[in-house]
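S.K.: For reference, the file input-v5.txt (compact mmCIF, C-alpha atoms and all ligand atoms) is included below:
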# COMPACT_ATOMS: atom_id res chain seq x y z
CA MET O 1 85.25 -59.20 -66.12
CA GLY O 2 84.39 -55.62 -66.91
CA ASN O 3 84.48 -53.11 -69.73
CA GLU O 4 84.79 -49.35 -69.99
CA LEU O 5 81.18 -48.91 -68.79
CA GLY O 6 81.89 -50.61 -65.48
CA SER O 7 81.82 -54.08 -64.10
CA VAL O 8 79.27 -56.27 -62.35
CA ASP O 9 80.19 -58.50 -59.50
CA ASN O 10 77.62 -61.25 -59.60
CA ALA O 11 78.54 -62.42 -56.14
CA THR O 12 77.52 -59.10 -54.55
CA ALA O 13 74.71 -57.96 -56.92
CA PRO O 14 71.33 -57.79 -55.12
CA SER O 15 69.10 -60.65 -56.11
CA ARG O 16 65.83 -59.72 -57.76
CA PRO O 17 62.60 -61.65 -57.41
CA ALA O 18 61.70 -63.55 -60.52
CA PRO O 19 58.94 -61.79 -62.48
CA SER O 20 55.56 -63.42 -62.14
CA THR O 21 54.29 -65.08 -65.28
CA PHE O 22 50.80 -65.98 -66.46
CA GLY O 23 49.63 -68.44 -69.06
CA PRO O 24 49.71 -69.35 -71.80
CA GLN O 25 46.76 -71.32 -70.46
CA ALA O 26 43.69 -69.56 -69.07
CA VAL O 27 44.07 -68.14 -65.58
CA PRO O 28 41.43 -66.88 -63.14
CA LEU O 29 41.15 -63.10 -62.86
CA ALA O 30 38.87 -60.80 -60.89
CA ILE O 31 37.41 -57.90 -62.83
CA THR O 32 34.74 -55.30 -62.09
CA VAL O 33 32.42 -54.45 -64.96
CA ASN O 34 29.63 -51.90 -64.56
CA GLY O 35 30.09 -52.07 -60.79
CA LYS O 36 29.71 -55.84 -60.64
CA SER O 37 32.66 -58.03 -59.60
CA ARG O 38 33.26 -61.09 -61.72
CA THR O 39 35.82 -63.86 -61.79
CA VAL O 40 36.76 -64.91 -65.30
CA GLN O 41 39.07 -67.48 -66.85
CA VAL O 42 41.14 -65.78 -69.52
CA GLU O 43 44.22 -66.47 -71.53
CA PRO O 44 46.68 -63.63 -70.89
CA ARG O 45 46.51 -62.65 -74.55
CA MET O 46 42.77 -61.90 -74.37
CA THR O 47 41.77 -58.29 -74.90
CA LEU O 48 39.15 -56.53 -72.85
CA ALA O 49 36.99 -56.14 -75.97
CA GLU O 50 37.10 -59.90 -76.54
CA LEU O 51 36.17 -60.60 -72.92
CA LEU O 52 33.26 -58.15 -72.99
CA ARG O 53 31.78 -59.36 -76.26
CA GLY O 54 32.54 -63.06 -75.70
CA PRO O 55 32.34 -64.57 -72.23
CA LEU O 56 30.55 -61.59 -70.66
CA GLN O 57 28.08 -61.19 -73.56
CA LEU O 58 28.21 -57.40 -73.37
CA THR O 59 28.00 -56.90 -77.11
CA GLY O 60 27.26 -53.18 -76.96
CA THR O 61 31.01 -52.63 -77.18
CA LYS O 62 31.97 -52.92 -80.84
CA ILE O 63 35.16 -54.18 -82.46
CA ALA O 64 35.81 -52.53 -85.82
CA CYS O 65 39.49 -52.11 -86.68
CA ASN O 66 40.78 -54.17 -83.73
CA ARG O 67 44.04 -52.22 -83.85
CA GLY O 68 43.50 -48.96 -81.96
CA ALA O 69 42.69 -46.84 -84.99
CA CYS O 70 38.94 -46.11 -84.79
CA SER O 71 37.85 -45.97 -81.10
CA ALA O 72 34.66 -47.95 -81.80
CA CYS O 73 35.57 -50.21 -78.87
CA THR O 74 35.89 -47.40 -76.30
CA VAL O 75 34.98 -48.20 -72.70
CA LEU O 76 35.86 -46.37 -69.49
CA LEU O 77 38.44 -47.54 -66.96
CA ASP O 78 37.77 -45.61 -63.75
CA GLY O 79 36.18 -42.95 -65.94
CA VAL O 80 39.00 -42.73 -68.47
CA PRO O 81 38.21 -43.68 -72.09
CA VAL O 82 40.37 -46.49 -73.47
CA CYS O 83 40.30 -48.65 -76.57
CA SER O 84 39.29 -52.03 -75.22
CA CYS O 85 40.76 -53.77 -78.28
CA MET O 86 44.17 -52.49 -77.20
CA THR O 87 43.77 -53.32 -73.51
CA LEU O 88 44.61 -56.76 -72.16
CA VAL O 89 42.26 -58.08 -69.50
CA ILE O 90 45.21 -58.81 -67.22
CA ASP O 91 46.15 -55.11 -67.30
CA VAL O 92 42.76 -53.87 -66.07
CA GLY O 93 43.51 -54.68 -62.43
CA ALA O 94 41.20 -53.13 -59.84
CA ARG O 95 39.83 -50.44 -62.15
CA ASN O 96 36.11 -50.43 -62.81
CA VAL O 97 35.16 -51.06 -66.42
CA THR O 98 32.13 -49.11 -67.62
CA THR O 99 30.53 -50.18 -70.87
CA ILE O 100 27.58 -48.78 -72.80
CA GLU O 101 25.38 -51.27 -70.94
CA GLY O 102 26.38 -49.61 -67.66
CA LEU O 103 24.99 -46.17 -68.51
CA ALA O 104 21.25 -46.78 -68.43
CA ASP O 105 19.32 -47.13 -65.19
CA GLY O 106 17.09 -50.07 -65.95
CA ASP O 107 14.88 -48.99 -68.84
CA ALA O 108 15.75 -45.32 -68.31
CA LEU O 109 18.45 -44.22 -70.70
CA ASN O 110 21.20 -41.89 -69.60
CA PRO O 111 20.71 -38.25 -70.75
CA ILE O 112 23.59 -38.59 -73.22
CA GLN O 113 21.94 -41.65 -74.75
CA GLU O 114 18.62 -39.79 -74.97
CA ALA O 115 20.37 -36.85 -76.59
CA PHE O 116 22.04 -39.04 -79.22
CA ILE O 117 18.60 -40.30 -80.23
CA GLU O 118 17.01 -36.84 -80.08
CA HIS O 119 19.76 -35.27 -82.20
CA ASP O 120 19.96 -38.07 -84.75
CA ALA O 121 23.57 -38.83 -83.85
CA ILE O 122 23.18 -42.47 -84.95
CA GLN O 123 23.25 -43.79 -88.48
CA CYS O 124 24.56 -47.36 -88.79
CA GLY O 125 25.36 -47.21 -85.07
CA PHE O 126 28.65 -49.03 -85.23
CA CYS O 127 30.70 -46.16 -83.84
CA THR O 128 27.94 -44.96 -81.51
CA PRO O 129 28.66 -46.85 -78.26
CA GLY O 130 32.28 -45.69 -78.34
CA MET O 131 31.23 -42.12 -79.11
CA VAL O 132 28.75 -42.18 -76.23
CA MET O 133 31.41 -43.45 -73.82
CA SER O 134 33.87 -40.71 -74.73
CA CYS O 135 31.18 -38.03 -74.48
CA THR O 136 30.12 -39.46 -71.12
CA ALA O 137 33.69 -39.22 -69.83
CA LEU O 138 33.89 -35.64 -71.07
CA LEU O 139 30.70 -34.60 -69.27
CA GLN O 140 31.75 -36.38 -66.08
CA HIS O 141 34.89 -34.24 -65.97
CA ASN O 142 33.56 -31.09 -67.61
CA ALA O 143 29.85 -30.48 -67.04
CA HIS O 144 29.68 -27.58 -69.51
CA PRO O 145 32.06 -28.23 -72.40
CA SER O 146 32.36 -26.03 -75.45
CA ALA O 147 31.77 -27.39 -78.94
CA GLU O 148 35.52 -27.39 -79.45
CA GLN O 149 36.01 -29.50 -76.33
CA VAL O 150 33.43 -32.02 -77.54
CA LYS O 151 35.21 -32.21 -80.89
CA ALA O 152 38.49 -32.83 -79.07
CA ALA O 153 36.87 -35.59 -76.98
CA ILE O 154 35.71 -37.47 -80.08
CA SER O 155 38.74 -36.68 -82.20
CA GLY O 156 39.97 -40.29 -82.12
CA HIS O 157 36.61 -41.68 -83.21
CA TYR O 158 36.04 -42.69 -86.80
CA CYS O 159 32.45 -42.41 -88.07
CA ARG O 160 32.01 -43.47 -91.66
CA CYS O 161 28.43 -42.16 -91.60
CA GLY O 162 29.57 -38.63 -90.75
CA THR O 163 27.53 -38.07 -87.61
CA TYR O 164 30.08 -35.74 -86.04
CA PRO O 165 27.97 -32.51 -86.03
CA HIS O 166 25.06 -34.43 -84.52
CA VAL O 167 27.31 -35.95 -81.84
CA VAL O 168 28.51 -32.47 -80.90
CA SER O 169 24.98 -31.04 -80.68
CA ALA O 170 23.78 -34.08 -78.72
CA THR O 171 26.57 -33.76 -76.19
CA LEU O 172 26.00 -30.04 -75.73
CA ALA O 173 22.28 -30.72 -75.26
CA ALA O 174 22.96 -33.46 -72.69
CA ALA O 175 25.14 -31.03 -70.76
CA LYS O 176 22.14 -28.74 -70.38
CA VAL O 177 19.85 -31.48 -69.09
CA LYS O 178 21.64 -32.68 -65.98
CA LYS O 179 24.87 -34.24 -64.84
CA VAL O 180 25.61 -37.39 -66.83
S1 LIG R 201 38.11 -51.53 -82.66
FE1 LIG R 201 39.37 -50.76 -81.11
S2 LIG R 201 40.17 -48.93 -81.90
FE2 LIG R 201 39.04 -49.78 -83.57
S1 LIG R 202 27.04 -44.02 -87.28
FE1 LIG R 202 27.87 -45.35 -88.79
S2 LIG R 202 30.01 -45.30 -88.40
FE2 LIG R 202 29.20 -43.79 -87.11
Have the structure of the file written as structure tokens, please.
Ligand code: FES
Ligand code: FES

M.R.:
Amino acid sequence: MGNELGSVDNATAPSRPAPSTFGPQAVPLAITVNGKSRTVQVEPRMTLAELLRGPLQLTGTKIACNRGACSACTVLLDGVPVCSCMTLVIDVGARNVTTIEGLADGDALNPIQEAFIEHDAIQCGFCTPGMVMSCTALLQHNAHPSAEQVKAAISGHYCRCGTYPHVVSATLAAAKVKKV
């Protein structure tokens, strides 16, 4: 039976493999966070932010709006900033997740973290880990950004304390120190 758009012959149509399904119960998944491989049990609906702050106890990543509007929850996936509240754990795949906890080397803070402190780029601190992650990604891809490029990198971040000028000066200062 066909129509003006054509007809389909079910007898000769190529068969497609059934899509794989997960859940709704928790399933085991491998994930790499800050260079360390982990196996976690997650319901497919779990977001990366929930996994980090809950089972993995990496509470440096903040959840503020939980709807992709503020960027407080920013982490890096293979160096690319993403909102972890809008990323399902099952979609991370083989990409390495870098969180704020992954920037320091033991007790030695990363230059961008030092610069945030030095330039008073922290007030309440709720937006700060996400800001730091986006500025880190910027410096990893552009060692000597302009002020305008820093502003563009943090344009999705919402800081109710108004630290933006300090974040820009901190990032420009970190760029002068050494590669982040
Ligand atoms: S908490 Fe994820 S974007 Fe606001
Ligand atoms: S430092 Fe308070 S929201 Fe940015």

S.K.: Env of Phe116 of chain O: 12 Å cut, atoms = all atoms listed in the file, seq-sep filter 2 positions within chain, self excluded. Answer as a ChimeraX atom specification.

M.R.: /O:109-114,118-123,125,128-129,131-133,135-136,163-174

S.K.: Using all atoms listed in the file, determine which residues lie at most 10 Å from Ala64 of chain O, disregarding the query and same-chain residues fewer than 2 positions distant; provide the list as a ChimeraX atom specification.

M.R.: /O:61-62,66-73,85,126-127,158

S.K.: Go ahead and write the selection's residues with C-alpha atoms as a compact mmCIF listing (two decimals), in the coordinates of the input.

M.R.:
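Saved result, result.txt, follows:
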# COMPACT_ATOMS: atom_id res chain seq x y z
CA THR O 61 31.01 -52.63 -77.18
CA LYS O 62 31.97 -52.92 -80.84
CA ASN O 66 40.78 -54.17 -83.73
CA ARG O 67 44.04 -52.22 -83.85
CA GLY O 68 43.50 -48.96 -81.96
CA ALA O 69 42.69 -46.84 -84.99
CA CYS O 70 38.94 -46.11 -84.79
CA SER O 71 37.85 -45.97 -81.10
CA ALA O 72 34.66 -47.95 -81.80
CA CYS O 73 35.57 -50.21 -78.87
CA CYS O 85 40.76 -53.77 -78.28
CA PHE O 126 28.65 -49.03 -85.23
CA CYS O 127 30.70 -46.16 -83.84
CA TYR O 158 36.04 -42.69 -86.80

S.K.: As a ChimeraX atom specification, please: the residues near segment 25-27 of chain O (cut-off 6 Å, only C-alpha atoms, same-chain neighbours under 2 positions excluded).

M.R.: /O:23,41-43

S.K.: Skip Gly35 of chain O itself and residues of its chain fewer than 3 positions away, then list as a PyMOL selection string all residues within 9 Å of it, counting only C-alpha atoms.

M.R.: chain O and resi 32+96-98+102

S.K.: Got a sec: who's within 7 Å of Val89 of chain O, counting only C-alpha atoms, leaving out chain neighbours fewer than 6 positions off, as an mmCIF file with C-alpha atoms, in the frame of the given file?

M.R.:
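Dumped everything to selection.cif:
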data_model
loop_
_atom_site.group_PDB
_atom_site.id
_atom_site.type_symbol
_atom_site.label_atom_id
_atom_site.label_comp_id
_atom_site.auth_asym_id
_atom_site.auth_seq_id
_atom_site.Cartn_x
_atom_site.Cartn_y
_atom_site.Cartn_z
ATOM 1 C CA MET O 46 42.770 -61.900 -74.370
ATOM 2 C CA THR O 47 41.770 -58.290 -74.900
ATOM 3 C CA LEU O 48 39.150 -56.530 -72.850
#

S.K.: Under the rule that all atoms listed in the file are counted, which of O:Arg95, O:Arg160, O:Arg38, O:His144 is the nearest residue to ligand LIG 202 (chain R)?

M.R.: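 Checking each of O:Arg95, O:Arg160, O:Arg38, O:His144 against ligand LIG 202 (chain R), counting all atoms listed in the file, the winner is O:Arg160.
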
S.K.: Which distance in Å separates atom CA of Gly54 of chain O and atom CA of Val40 of chain O, to one decimal?

M.R.: 11.4 Å

S.K.: Return the single residue from O:Arg53, O:His157, O:Arg45, O:Lys176 that is closest to ligand LIG 202 (chain R), with distances computed using only C-alpha atoms and all ligand atoms.

M.R.: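 With only C-alpha atoms and all ligand atoms as the atom set, the closest residue is O:His157.
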
S.K.: One number please: atom CA of Ser146 of chain O to atom CA of Thr74 of chain O, in Å, one decimal.

M.R.: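 These atoms are spaced 21.7 Å apart.
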
S.K.: Work out how far apart atom CA of Gly60 of chain O and atom CA of Thr99 of chain O are and give it in Å to one decimal.

M.R.: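 We find that atom CA of Gly60 of chain O and atom CA of Thr99 of chain O lie 7.5 Å from each other.
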